[in-house]
Every structure is written in C-alpha cells, then in structure tokens.
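Trainee: Pasting a structure below so you can have a look.
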Amino acid sequence: MSDTTFRAATIAVLVENESGVLARVIGLFSGRGYNIDSLTVAPVDEEGKLSRITVVTSGTEMVIEQIKAQLDRLVPVHKVADLALEGPYLNRELALIKVAGSGAGRQEALRLADAFRARVVDATTESFVFEMTGSGEKLDAFINLMRPVGLVEVSRTGVVAIARGAKGI
C-alpha cells in the first residue's frame, strides 16, 4: 500500500476508565484535523477499571500510523491495535429505525424488515421501530430502502469490533 492511498482503519484502544480519557482521545483527533467516522466506548472488565474505545477513521498509511502512535502516548492508554493489521476481525453496528406509514407502505416495511432480519421492537397503529445489527453497509442499505416507505428517524450505535480467534488485543 502506498503512503498516499487512503484506507479505513478500525482502531481498538484499551484505556483506564476514568474521567476525561474520552475527551483526550477526541482532542487528539480534532486537534490534528483527523476525522472520526465512528466512535464507541464502554467498560470491558468486571471491576469497571478498563474501557475499550473503538474508533473508525481513514487516512493515508502515514496518518494512521501517526494516530496510533499518538494514542499510544496518552497516559491512560494500555494498548492500541489496528484490527485490520492484526488479522481477521468482526465488526457490527446496531440501529433503531423508525418508520411511519399505513396500508401498503406498512406491509412493505414489514416485508423488507423480514428480508433484512430486522426485528420489530415497537409497534403502534402509525409506526414501527425496527432493531437491526450488521455491517454499516447492511444498515445503510436497509435505511435507504425505508426512505420511500416512510423513514422517520434513525439512531445508530457506531461500530464495535473484535479480532477473530483466541488472541485478544
């Protein structure tokens, strides 16, 4: 891969679960003009002392290496891993999609939801809320199909990712 070729990077960062850590990570990106495409964070150990931040960004190989090096230098950071370089990994996103409609539009929304394995988590006489997990591309496709049917609102979690196999970051 050349230094000028852009690529997406899914970066997992294991950090101390303490006040201000997320702000420092975000500040690193914004202060240098790097874009964050997706960001998720949650505690990951029994004691609640560690959190895992998953950042999806893009840039040249040099920029991604700079991001990883700068993240690694932050004091509360324990580990930084570019999942694509570590080997095969899984990523998923969750979305709640609200669709309003009646008659044929309502039936079409249910038919499409069934085809995409979206689950109805709320229903009224005027609307549905679907829950769906999958790749960002799968969610985008479903959301785009819902637009003409009566899409009202979308809420997405952002990407969560984990390496395949027995080894952790």
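Just so we're on the same page: first chain in the structure tokens is A, next is B, and so on; residues restart at 1 for each chain, and ligands are numbered from 1 in the order they show up.
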Using the chain letters and numbers from this document, which residues of stretch 6-52 of chain A does DSSP assign to strand (DSSP E or B), as a CSV table (one decimal) with N, CA and C atoms, in the first residue's frame?
Mentor:
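Here's the written file selection-v9.csv:
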chain,number,residue,atom,x,y,z
A,6,PHE,N,-5.5,6.1,0.6
A,6,PHE,CA,-6.4,6.2,1.8
A,6,PHE,C,-6.9,4.8,2.1
A,7,ARG,N,-7.1,4.6,3.4
A,7,ARG,CA,-7.7,3.3,3.8
A,7,ARG,C,-8.5,3.6,5.1
A,8,ALA,N,-9.5,2.8,5.3
A,8,ALA,CA,-10.2,2.9,6.6
A,8,ALA,C,-9.4,2.1,7.6
A,9,ALA,N,-9.5,2.5,8.9
A,9,ALA,CA,-8.8,1.9,10.0
A,9,ALA,C,-9.8,1.7,11.1
A,10,THR,N,-9.9,0.5,11.7
A,10,THR,CA,-10.7,0.3,12.9
A,10,THR,C,-9.7,0.1,14.0
A,11,ILE,N,-9.6,1.0,14.9
A,11,ILE,CA,-8.6,1.0,15.9
A,11,ILE,C,-9.3,0.8,17.3
A,12,ALA,N,-8.8,-0.3,18.0
A,12,ALA,CA,-9.3,-0.6,19.3
A,12,ALA,C,-8.2,0.0,20.3
A,13,VAL,N,-8.7,0.7,21.3
A,13,VAL,CA,-7.9,1.3,22.3
A,13,VAL,C,-8.4,0.9,23.7
A,14,LEU,N,-7.5,0.2,24.5
A,14,LEU,CA,-7.8,-0.2,25.8
A,14,LEU,C,-7.3,0.9,26.8
A,15,VAL,N,-8.2,1.5,27.5
A,15,VAL,CA,-7.8,2.7,28.4
A,15,VAL,C,-8.3,2.5,29.8
A,16,GLU,N,-7.7,3.3,30.7
A,16,GLU,CA,-8.3,3.4,32.1
A,16,GLU,C,-9.7,4.0,32.0
A,38,SER,N,-16.6,6.8,13.2
A,38,SER,CA,-17.4,6.1,14.2
A,38,SER,C,-16.6,6.0,15.5
A,39,LEU,N,-17.3,6.1,16.6
A,39,LEU,CA,-16.7,6.1,17.9
A,39,LEU,C,-17.6,5.4,18.9
A,40,THR,N,-17.1,4.4,19.6
A,40,THR,CA,-17.9,3.7,20.7
A,40,THR,C,-16.9,3.5,21.8
A,41,VAL,N,-17.5,3.5,23.0
A,41,VAL,CA,-16.7,3.3,24.2
A,41,VAL,C,-17.6,2.7,25.3
A,42,ALA,N,-17.0,1.7,26.0
A,42,ALA,CA,-17.8,1.1,27.1
A,42,ALA,C,-16.8,0.4,28.0
A,43,PRO,N,-17.1,0.2,29.3
A,43,PRO,CA,-16.3,-0.6,30.2
A,43,PRO,C,-16.2,-2.0,29.8
A,50,LEU,N,-11.3,-0.7,33.2
A,50,LEU,CA,-10.8,-0.5,31.9
A,50,LEU,C,-12.0,-0.3,30.9
A,51,SER,N,-11.8,0.5,29.9
A,51,SER,CA,-12.8,0.7,28.9
A,51,SER,C,-12.1,0.4,27.5
A,52,ARG,N,-12.9,0.1,26.6
A,52,ARG,CA,-12.5,-0.2,25.2
A,52,ARG,C,-13.1,0.9,24.3
Trainee: If you run DSSP over the backbone, which residues in stretch 47-153 of chain A end up alpha helix (DSSP H)? Put them as a JSON list (two decimals) with all heavy atoms, in the first residue's frame.
Mentor:
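Okay, this is what ended up in selection.json:
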[["chain", "number", "residue", "atom", "x", "y", "z"],
["A", 61, "GLU", "N", -1.59, 5.70, 5.05],
["A", 61, "GLU", "CA", -0.90, 4.80, 5.99],
["A", 61, "GLU", "C", -0.09, 5.61, 7.00],
["A", 61, "GLU", "O", -0.07, 5.30, 8.19],
["A", 61, "GLU", "CB", 0.00, 3.83, 5.21],
["A", 61, "GLU", "CG", 0.43, 2.64, 6.02],
["A", 61, "GLU", "CD", -0.73, 1.78, 6.50],
["A", 61, "GLU", "OE1", -1.67, 1.53, 5.73],
["A", 61, "GLU", "OE2", -0.70, 1.38, 7.69],
["A", 62, "MET", "N", 0.54, 6.68, 6.53],
["A", 62, "MET", "CA", 1.35, 7.51, 7.42],
["A", 62, "MET", "C", 0.47, 8.18, 8.49],
["A", 62, "MET", "O", 0.83, 8.22, 9.66],
["A", 62, "MET", "CB", 2.10, 8.57, 6.61],
["A", 62, "MET", "CG", 3.09, 9.35, 7.43],
["A", 62, "MET", "SD", 4.07, 10.48, 6.41],
["A", 62, "MET", "CE", 2.94, 11.85, 6.29],
["A", 63, "VAL", "N", -0.68, 8.70, 8.09],
["A", 63, "VAL", "CA", -1.58, 9.35, 9.03],
["A", 63, "VAL", "C", -2.10, 8.35, 10.06],
["A", 63, "VAL", "O", -2.13, 8.63, 11.27],
["A", 63, "VAL", "CB", -2.75, 10.05, 8.29],
["A", 63, "VAL", "CG1", -3.88, 10.43, 9.24],
["A", 63, "VAL", "CG2", -2.24, 11.28, 7.55],
["A", 64, "ILE", "N", -2.48, 7.17, 9.61],
["A", 64, "ILE", "CA", -2.99, 6.15, 10.54],
["A", 64, "ILE", "C", -1.90, 5.73, 11.52],
["A", 64, "ILE", "O", -2.15, 5.57, 12.72],
["A", 64, "ILE", "CB", -3.59, 4.96, 9.77],
["A", 64, "ILE", "CG1", -4.87, 5.41, 9.07],
["A", 64, "ILE", "CG2", -3.87, 3.78, 10.71],
["A", 64, "ILE", "CD1", -5.44, 4.45, 8.08],
["A", 65, "GLU", "N", -0.68, 5.59, 11.05],
["A", 65, "GLU", "CA", 0.43, 5.27, 11.95],
["A", 65, "GLU", "C", 0.66, 6.39, 12.96],
["A", 65, "GLU", "O", 0.94, 6.13, 14.13],
["A", 65, "GLU", "CB", 1.72, 4.99, 11.16],
["A", 65, "GLU", "CG", 1.70, 3.66, 10.42],
["A", 65, "GLU", "CD", 1.47, 2.46, 11.34],
["A", 65, "GLU", "OE1", 2.06, 2.40, 12.44],
["A", 65, "GLU", "OE2", 0.67, 1.58, 10.95],
["A", 66, "GLN", "N", 0.52, 7.65, 12.53],
["A", 66, "GLN", "CA", 0.66, 8.78, 13.45],
["A", 66, "GLN", "C", -0.44, 8.74, 14.51],
["A", 66, "GLN", "O", -0.17, 8.97, 15.70],
["A", 66, "GLN", "CB", 0.56, 10.11, 12.69],
["A", 66, "GLN", "CG", 1.79, 10.48, 11.92],
["A", 66, "GLN", "CD", 1.58, 11.79, 11.15],
["A", 66, "GLN", "OE1", 0.47, 12.14, 10.76],
["A", 66, "GLN", "NE2", 2.67, 12.50, 10.92],
["A", 67, "ILE", "N", -1.67, 8.47, 14.09],
["A", 67, "ILE", "CA", -2.79, 8.39, 15.03],
["A", 67, "ILE", "C", -2.51, 7.33, 16.08],
["A", 67, "ILE", "O", -2.65, 7.57, 17.28],
["A", 67, "ILE", "CB", -4.12, 8.09, 14.29],
["A", 67, "ILE", "CG1", -4.56, 9.30, 13.46],
["A", 67, "ILE", "CG2", -5.21, 7.67, 15.27],
["A", 67, "ILE", "CD1", -5.71, 9.02, 12.51],
["A", 68, "LYS", "N", -2.10, 6.14, 15.63],
["A", 68, "LYS", "CA", -1.84, 5.05, 16.58],
["A", 68, "LYS", "C", -0.70, 5.42, 17.54],
["A", 68, "LYS", "O", -0.80, 5.16, 18.75],
["A", 68, "LYS", "CB", -1.52, 3.75, 15.83],
["A", 68, "LYS", "CG", -2.71, 3.19, 15.08],
["A", 68, "LYS", "CD", -2.48, 1.85, 14.45],
["A", 68, "LYS", "CE", -1.17, 1.66, 13.78],
["A", 68, "LYS", "NZ", -1.06, 0.45, 12.98],
["A", 69, "ALA", "N", 0.36, 6.02, 17.03],
["A", 69, "ALA", "CA", 1.50, 6.39, 17.87],
["A", 69, "ALA", "C", 1.08, 7.45, 18.90],
["A", 69, "ALA", "O", 1.47, 7.37, 20.07],
["A", 69, "ALA", "CB", 2.64, 6.90, 17.01],
["A", 70, "GLN", "N", 0.30, 8.42, 18.47],
["A", 70, "GLN", "CA", -0.14, 9.47, 19.39],
["A", 70, "GLN", "C", -1.11, 8.93, 20.43],
["A", 70, "GLN", "O", -1.05, 9.32, 21.60],
["A", 70, "GLN", "CB", -0.74, 10.64, 18.60],
["A", 70, "GLN", "CG", 0.33, 11.39, 17.82],
["A", 70, "GLN", "CD", -0.23, 12.30, 16.75],
["A", 70, "GLN", "OE1", -1.44, 12.37, 16.52],
["A", 70, "GLN", "NE2", 0.66, 13.00, 16.06],
["A", 71, "LEU", "N", -1.98, 8.02, 20.04],
["A", 71, "LEU", "CA", -2.88, 7.38, 21.00],
["A", 71, "LEU", "C", -2.07, 6.60, 22.04],
["A", 71, "LEU", "O", -2.35, 6.64, 23.23],
["A", 71, "LEU", "CB", -3.86, 6.44, 20.30],
["A", 71, "LEU", "CG", -5.05, 7.06, 19.59],
["A", 71, "LEU", "CD1", -5.76, 6.03, 18.73],
["A", 71, "LEU", "CD2", -6.01, 7.70, 20.58],
["A", 72, "ASP", "N", -1.06, 5.88, 21.57],
["A", 72, "ASP", "CA", -0.24, 5.05, 22.44],
["A", 72, "ASP", "C", 0.52, 5.87, 23.48],
["A", 72, "ASP", "O", 0.85, 5.38, 24.55],
["A", 72, "ASP", "CB", 0.74, 4.23, 21.60],
["A", 72, "ASP", "CG", 1.09, 2.91, 22.24],
["A", 72, "ASP", "OD1", 0.32, 2.41, 23.08],
["A", 72, "ASP", "OD2", 2.17, 2.37, 21.91],
["A", 73, "ARG", "N", 0.77, 7.15, 23.17],
["A", 73, "ARG", "CA", 1.50, 8.02, 24.09],
["A", 73, "ARG", "C", 0.61, 8.63, 25.18],
["A", 73, "ARG", "O", 1.12, 9.18, 26.15],
["A", 73, "ARG", "CB", 2.20, 9.14, 23.33],
["A", 73, "ARG", "CG", 3.48, 8.66, 22.65],
["A", 73, "ARG", "CD", 4.36, 9.83, 22.23],
["A", 73, "ARG", "NE", 3.78, 10.64, 21.18],
["A", 73, "ARG", "CZ", 3.95, 10.44, 19.88],
["A", 73, "ARG", "NH1", 4.69, 9.44, 19.46],
["A", 73, "ARG", "NH2", 3.41, 11.24, 19.00],
["A", 83, "LEU", "N", -7.10, -3.14, 14.05],
["A", 83, "LEU", "CA", -7.64, -4.50, 13.89],
["A", 83, "LEU", "C", -7.40, -5.08, 12.50],
["A", 83, "LEU", "O", -7.17, -6.28, 12.37],
["A", 83, "LEU", "CB", -9.11, -4.54, 14.26],
["A", 83, "LEU", "CG", -9.40, -4.27, 15.74],
["A", 83, "LEU", "CD1", -10.90, -4.24, 16.00],
["A", 83, "LEU", "CD2", -8.73, -5.30, 16.62],
["A", 84, "ALA", "N", -7.44, -4.25, 11.46],
["A", 84, "ALA", "CA", -7.22, -4.76, 10.10],
["A", 84, "ALA", "C", -5.81, -5.31, 9.93],
["A", 84, "ALA", "O", -5.59, -6.25, 9.18],
["A", 84, "ALA", "CB", -7.48, -3.66, 9.08],
["A", 85, "LEU", "N", -4.85, -4.73, 10.65],
["A", 85, "LEU", "CA", -3.47, -5.20, 10.54],
["A", 85, "LEU", "C", -3.19, -6.38, 11.46],
["A", 85, "LEU", "O", -2.23, -7.12, 11.26],
["A", 85, "LEU", "CB", -2.48, -4.07, 10.85],
["A", 85, "LEU", "CG", -2.54, -2.87, 9.90],
["A", 85, "LEU", "CD1", -1.51, -1.83, 10.31],
["A", 85, "LEU", "CD2", -2.36, -3.29, 8.46],
["A", 86, "GLU", "N", -4.01, -6.55, 12.49],
["A", 86, "GLU", "CA", -3.83, -7.64, 13.46],
["A", 86, "GLU", "C", -4.29, -8.98, 12.90],
["A", 86, "GLU", "O", -3.95, -10.02, 13.42],
["A", 86, "GLU", "CB", -4.60, -7.34, 14.75],
["A", 86, "GLU", "CG", -4.20, -6.05, 15.43],
["A", 86, "GLU", "CD", -3.04, -6.22, 16.37],
["A", 86, "GLU", "OE1", -2.93, -7.29, 16.99],
["A", 86, "GLU", "OE2", -2.24, -5.28, 16.48],
["A", 104, "ALA", "N", -50.33, -0.26, 2.30],
["A", 104, "ALA", "CA", -49.30, -0.97, 1.53],
["A", 104, "ALA", "C", -47.89, -0.61, 2.00],
["A", 104, "ALA", "O", -47.00, -1.46, 2.02],
["A", 104, "ALA", "CB", -49.45, -0.67, 0.05],
["A", 105, "GLY", "N", -47.67, 0.65, 2.40],
["A", 105, "GLY", "CA", -46.35, 1.07, 2.88],
["A", 105, "GLY", "C", -45.98, 0.33, 4.15],
["A", 105, "GLY", "O", -44.82, -0.05, 4.35],
["A", 106, "ARG", "N", -46.95, 0.11, 5.00],
["A", 106, "ARG", "CA", -46.73, -0.63, 6.25],
["A", 106, "ARG", "C", -46.34, -2.08, 5.96],
["A", 106, "ARG", "O", -45.41, -2.62, 6.55],
["A", 106, "ARG", "CB", -48.01, -0.55, 7.08],
["A", 106, "ARG", "CG", -47.88, -0.90, 8.50],
["A", 106, "ARG", "CD", -49.18, -0.48, 9.23],
["A", 106, "ARG", "NE", -49.23, -1.05, 10.54],
["A", 106, "ARG", "CZ", -48.62, -0.55, 11.61],
["A", 106, "ARG", "NH1", -47.90, 0.55, 11.48],
["A", 106, "ARG", "NH2", -48.71, -1.14, 12.77],
["A", 107, "GLN", "N", -47.04, -2.68, 5.02],
["A", 107, "GLN", "CA", -46.75, -4.06, 4.64],
["A", 107, "GLN", "C", -45.37, -4.17, 3.98],
["A", 107, "GLN", "O", -44.63, -5.13, 4.23],
["A", 107, "GLN", "CB", -47.83, -4.62, 3.69],
["A", 107, "GLN", "CG", -49.18, -4.80, 4.36],
["A", 107, "GLN", "CD", -49.08, -5.70, 5.58],
["A", 107, "GLN", "OE1", -48.44, -6.74, 5.56],
["A", 107, "GLN", "NE2", -49.71, -5.29, 6.67],
["A", 108, "GLU", "N", -45.02, -3.19, 3.17],
["A", 108, "GLU", "CA", -43.70, -3.19, 2.52],
["A", 108, "GLU", "C", -42.59, -3.06, 3.56],
["A", 108, "GLU", "O", -41.55, -3.72, 3.46],
["A", 108, "GLU", "CB", -43.62, -2.05, 1.49],
["A", 108, "GLU", "CG", -42.31, -1.95, 0.76],
["A", 108, "GLU", "CD", -42.00, -3.13, -0.16],
["A", 108, "GLU", "OE1", -42.81, -4.07, -0.29],
["A", 108, "GLU", "OE2", -40.90, -3.13, -0.75],
["A", 109, "ALA", "N", -42.80, -2.21, 4.56],
["A", 109, "ALA", "CA", -41.81, -2.05, 5.62],
["A", 109, "ALA", "C", -41.58, -3.38, 6.34],
["A", 109, "ALA", "O", -40.44, -3.78, 6.60],
["A", 109, "ALA", "CB", -42.24, -0.97, 6.61],
["A", 110, "LEU", "N", -42.64, -4.09, 6.64],
["A", 110, "LEU", "CA", -42.52, -5.39, 7.31],
["A", 110, "LEU", "C", -41.85, -6.43, 6.42],
["A", 110, "LEU", "O", -41.04, -7.23, 6.89],
["A", 110, "LEU", "CB", -43.90, -5.90, 7.75],
["A", 110, "LEU", "CG", -44.50, -5.20, 8.97],
["A", 110, "LEU", "CD1", -45.94, -5.64, 9.18],
["A", 110, "LEU", "CD2", -43.66, -5.48, 10.21],
["A", 111, "ARG", "N", -42.17, -6.42, 5.13],
["A", 111, "ARG", "CA", -41.56, -7.36, 4.19],
["A", 111, "ARG", "C", -40.05, -7.13, 4.09],
["A", 111, "ARG", "O", -39.25, -8.06, 4.16],
["A", 111, "ARG", "CB", -42.21, -7.23, 2.81],
["A", 111, "ARG", "CG", -41.75, -8.26, 1.80],
["A", 111, "ARG", "CD", -42.29, -7.99, 0.40],
["A", 111, "ARG", "NE", -41.71, -6.80, -0.20],
["A", 111, "ARG", "CZ", -40.45, -6.71, -0.68],
["A", 111, "ARG", "NH1", -39.64, -7.74, -0.60],
["A", 111, "ARG", "NH2", -40.01, -5.59, -1.22],
["A", 112, "LEU", "N", -39.66, -5.86, 3.96],
["A", 112, "LEU", "CA", -38.23, -5.53, 3.88],
["A", 112, "LEU", "C", -37.52, -5.86, 5.19],
["A", 112, "LEU", "O", -36.40, -6.37, 5.17],
["A", 112, "LEU", "CB", -38.05, -4.05, 3.53],
["A", 112, "LEU", "CG", -38.43, -3.66, 2.11],
["A", 112, "LEU", "CD1", -38.51, -2.15, 1.97],
["A", 112, "LEU", "CD2", -37.46, -4.26, 1.10],
["A", 113, "ALA", "N", -38.17, -5.58, 6.29],
["A", 113, "ALA", "CA", -37.57, -5.89, 7.60],
["A", 113, "ALA", "C", -37.32, -7.39, 7.72],
["A", 113, "ALA", "O", -36.26, -7.81, 8.20],
["A", 113, "ALA", "CB", -38.47, -5.42, 8.72],
["A", 114, "ASP", "N", -38.24, -8.18, 7.27],
["A", 114, "ASP", "CA", -38.08, -9.65, 7.30],
["A", 114, "ASP", "C", -36.90, -10.07, 6.43],
["A", 114, "ASP", "O", -36.08, -10.89, 6.84],
["A", 114, "ASP", "CB", -39.37, -10.33, 6.84],
["A", 114, "ASP", "CG", -39.30, -11.83, 6.98],
["A", 114, "ASP", "OD1", -38.95, -12.31, 8.09],
["A", 114, "ASP", "OD2", -39.58, -12.53, 5.99],
["A", 115, "ALA", "N", -36.78, -9.49, 5.25],
["A", 115, "ALA", "CA", -35.69, -9.84, 4.34],
["A", 115, "ALA", "C", -34.32, -9.46, 4.92],
["A", 115, "ALA", "O", -33.34, -10.16, 4.69],
["A", 115, "ALA", "CB", -35.89, -9.15, 2.99],
["A", 136, "GLY", "N", -22.10, -1.81, 8.60],
["A", 136, "GLY", "CA", -22.59, -0.49, 8.24],
["A", 136, "GLY", "C", -23.25, -0.48, 6.87],
["A", 136, "GLY", "O", -24.27, 0.19, 6.67],
["A", 137, "GLU", "N", -22.71, -1.25, 5.94],
["A", 137, "GLU", "CA", -23.26, -1.31, 4.59],
["A", 137, "GLU", "C", -24.66, -1.92, 4.61],
["A", 137, "GLU", "O", -25.56, -1.45, 3.90],
["A", 137, "GLU", "CB", -22.35, -2.12, 3.65],
["A", 137, "GLU", "CG", -21.00, -1.47, 3.39],
["A", 137, "GLU", "CD", -19.97, -1.69, 4.51],
["A", 137, "GLU", "OE1", -20.19, -2.56, 5.39],
["A", 137, "GLU", "OE2", -18.97, -0.97, 4.51],
["A", 138, "LYS", "N", -24.85, -2.96, 5.40],
["A", 138, "LYS", "CA", -26.18, -3.60, 5.50],
["A", 138, "LYS", "C", -27.19, -2.63, 6.10],
["A", 138, "LYS", "O", -28.31, -2.49, 5.61],
["A", 138, "LYS", "CB", -26.08, -4.87, 6.36],
["A", 138, "LYS", "CG", -27.41, -5.57, 6.55],
["A", 138, "LYS", "CD", -27.26, -6.79, 7.46],
["A", 138, "LYS", "CE", -28.60, -7.43, 7.74],
["A", 138, "LYS", "NZ", -28.48, -8.57, 8.66],
["A", 139, "LEU", "N", -26.79, -1.92, 7.15],
["A", 139, "LEU", "CA", -27.69, -0.95, 7.77],
["A", 139, "LEU", "C", -28.02, 0.17, 6.79],
["A", 139, "LEU", "O", -29.18, 0.58, 6.68],
["A", 139, "LEU", "CB", -27.06, -0.37, 9.04],
["A", 139, "LEU", "CG", -26.78, -1.36, 10.18],
["A", 139, "LEU", "CD1", -26.18, -0.63, 11.37],
["A", 139, "LEU", "CD2", -28.01, -2.12, 10.58],
["A", 140, "ASP", "N", -27.01, 0.66, 6.08],
["A", 140, "ASP", "CA", -27.24, 1.72, 5.09],
["A", 140, "ASP", "C", -28.24, 1.27, 4.04],
["A", 140, "ASP", "O", -29.14, 2.04, 3.65],
["A", 140, "ASP", "CB", -25.93, 2.13, 4.41],
["A", 140, "ASP", "CG", -24.98, 2.87, 5.32],
["A", 140, "ASP", "OD1", -25.41, 3.41, 6.37],
["A", 140, "ASP", "OD2", -23.77, 2.91, 4.97],
["A", 141, "ALA", "N", -28.10, 0.04, 3.56],
["A", 141, "ALA", "CA", -29.00, -0.47, 2.52],
["A", 141, "ALA", "C", -30.44, -0.53, 3.02],
["A", 141, "ALA", "O", -31.37, -0.11, 2.32],
["A", 141, "ALA", "CB", -28.53, -1.86, 2.06],
["A", 142, "PHE", "N", -30.63, -1.02, 4.24],
["A", 142, "PHE", "CA", -31.97, -1.11, 4.82],
["A", 142, "PHE", "C", -32.57, 0.29, 5.01],
["A", 142, "PHE", "O", -33.71, 0.55, 4.65],
["A", 142, "PHE", "CB", -31.94, -1.87, 6.14],
["A", 142, "PHE", "CG", -33.29, -2.03, 6.78],
["A", 142, "PHE", "CD1", -34.25, -2.87, 6.22],
["A", 142, "PHE", "CD2", -33.62, -1.33, 7.94],
["A", 142, "PHE", "CE1", -35.50, -3.01, 6.80],
["A", 142, "PHE", "CE2", -34.86, -1.47, 8.53],
["A", 142, "PHE", "CZ", -35.80, -2.32, 7.96],
["A", 143, "ILE", "N", -31.78, 1.19, 5.55],
["A", 143, "ILE", "CA", -32.25, 2.56, 5.79],
["A", 143, "ILE", "C", -32.65, 3.22, 4.47],
["A", 143, "ILE", "O", -33.69, 3.87, 4.37],
["A", 143, "ILE", "CB", -31.18, 3.37, 6.54],
["A", 143, "ILE", "CG1", -31.06, 2.85, 7.98],
["A", 143, "ILE", "CG2", -31.49, 4.87, 6.51],
["A", 143, "ILE", "CD1", -29.80, 3.28, 8.71],
["A", 144, "ASN", "N", -31.84, 3.04, 3.43],
["A", 144, "ASN", "CA", -32.16, 3.64, 2.13],
["A", 144, "ASN", "C", -33.44, 3.07, 1.54],
["A", 144, "ASN", "O", -34.20, 3.79, 0.90],
["A", 144, "ASN", "CB", -30.99, 3.47, 1.16],
["A", 144, "ASN", "CG", -29.84, 4.38, 1.50],
["A", 144, "ASN", "OD1", -30.03, 5.46, 2.06],
["A", 144, "ASN", "ND2", -28.63, 3.96, 1.18],
["A", 145, "LEU", "N", -33.70, 1.77, 1.78],
["A", 145, "LEU", "CA", -34.95, 1.18, 1.30],
["A", 145, "LEU", "C", -36.16, 1.68, 2.09],
["A", 145, "LEU", "O", -37.27, 1.71, 1.58],
["A", 145, "LEU", "CB", -34.88, -0.35, 1.36],
["A", 145, "LEU", "CG", -33.98, -1.00, 0.32],
["A", 145, "LEU", "CD1", -33.82, -2.49, 0.62],
["A", 145, "LEU", "CD2", -34.55, -0.80, -1.07],
["A", 146, "MET", "N", -35.94, 2.08, 3.34],
["A", 146, "MET", "CA", -37.03, 2.57, 4.18],
["A", 146, "MET", "C", -37.41, 4.02, 3.85],
["A", 146, "MET", "O", -38.51, 4.46, 4.18],
["A", 146, "MET", "CB", -36.66, 2.47, 5.67],
["A", 146, "MET", "CG", -36.66, 1.07, 6.21],
["A", 146, "MET", "SD", -38.32, 0.37, 6.22],
["A", 146, "MET", "CE", -38.02, -1.14, 5.33]]
Trainee: Point out the residue among A:Val149, A:Val129, A:Ala81, A:Val120 with the least atom-to-atom distance to A:Ser102, counting only C-alpha atoms.
Mentor: A:Val149
Trainee: For a quick check of understanding, using only C-alpha atoms, which of A:Pro76, A:Gly158, A:Gly101, A:Gly87 has the smallest distance to A:Ser19?
Mentor: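 Checking each of A:Pro76, A:Gly158, A:Gly101, A:Gly87 against A:Ser19, counting only C-alpha atoms, the winner is A:Pro76.
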Trainee: Rounded to one decimal, what separation in Å do you get between atom CA of A:Val152 and atom CA of A:Val121?
Mentor: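 Atom CA of A:Val121 lies at a distance of 15.4 Å from atom CA of A:Val152.
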Trainee: Taking only C-alpha atoms into account, which of A:Arg24, A:Arg92, A:Arg119, A:Arg164 comes nearest A:Gly134?
Mentor: A:Arg92
Trainee: Excluding same-chain residues fewer than 5 positions from A:Pro88, what lies within 12 Å of it counting only C-alpha atoms, as a VMD selection string?
Mentor: chain A and resid 10 82 to 83 161 to 168
Trainee: Could you write those residues out with C-alpha atoms, as an mmCIF file, in the first residue's frame?
Mentor:
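Once written, again31.cif looks like this:
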data_model
loop_
_atom_site.group_PDB
_atom_site.id
_atom_site.type_symbol
_atom_site.label_atom_id
_atom_site.label_comp_id
_atom_site.auth_asym_id
_atom_site.auth_seq_id
_atom_site.Cartn_x
_atom_site.Cartn_y
_atom_site.Cartn_z
ATOM 1 C CA THR A 10 -10.692 0.285 12.866
ATOM 2 C CA ASP A 82 -5.312 -1.526 14.271
ATOM 3 C CA LEU A 83 -7.638 -4.502 13.887
ATOM 4 C CA ALA A 161 -15.206 -4.651 16.557
ATOM 5 C CA ILE A 162 -13.186 -7.579 17.873
ATOM 6 C CA ALA A 163 -10.406 -9.744 16.481
ATOM 7 C CA ARG A 164 -11.263 -13.286 15.435
ATOM 8 C CA GLY A 165 -9.605 -16.228 17.147
ATOM 9 C CA ALA A 166 -8.343 -16.816 20.663
ATOM 10 C CA LYS A 167 -5.941 -13.862 20.887
ATOM 11 C CA GLY A 168 -7.124 -10.526 22.313
#
Trainee: How far is it from atom CA of A:Gly27 to atom CA of A:Lys49, in Å with one decimal?
Mentor: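 Between atom CA of A:Gly27 and atom CA of A:Lys49 the gap works out to 21.6 Å.
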Trainee: Given the choices A:Thr133, A:Asn35, A:Thr54, A:Ser127, which gets closest to A:Lys79 if the distance is worked out from only C-alpha atoms?
Mentor: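 Comparing A:Thr133, A:Asn35, A:Thr54, A:Ser127 against A:Lys79, the winner is A:Thr54.
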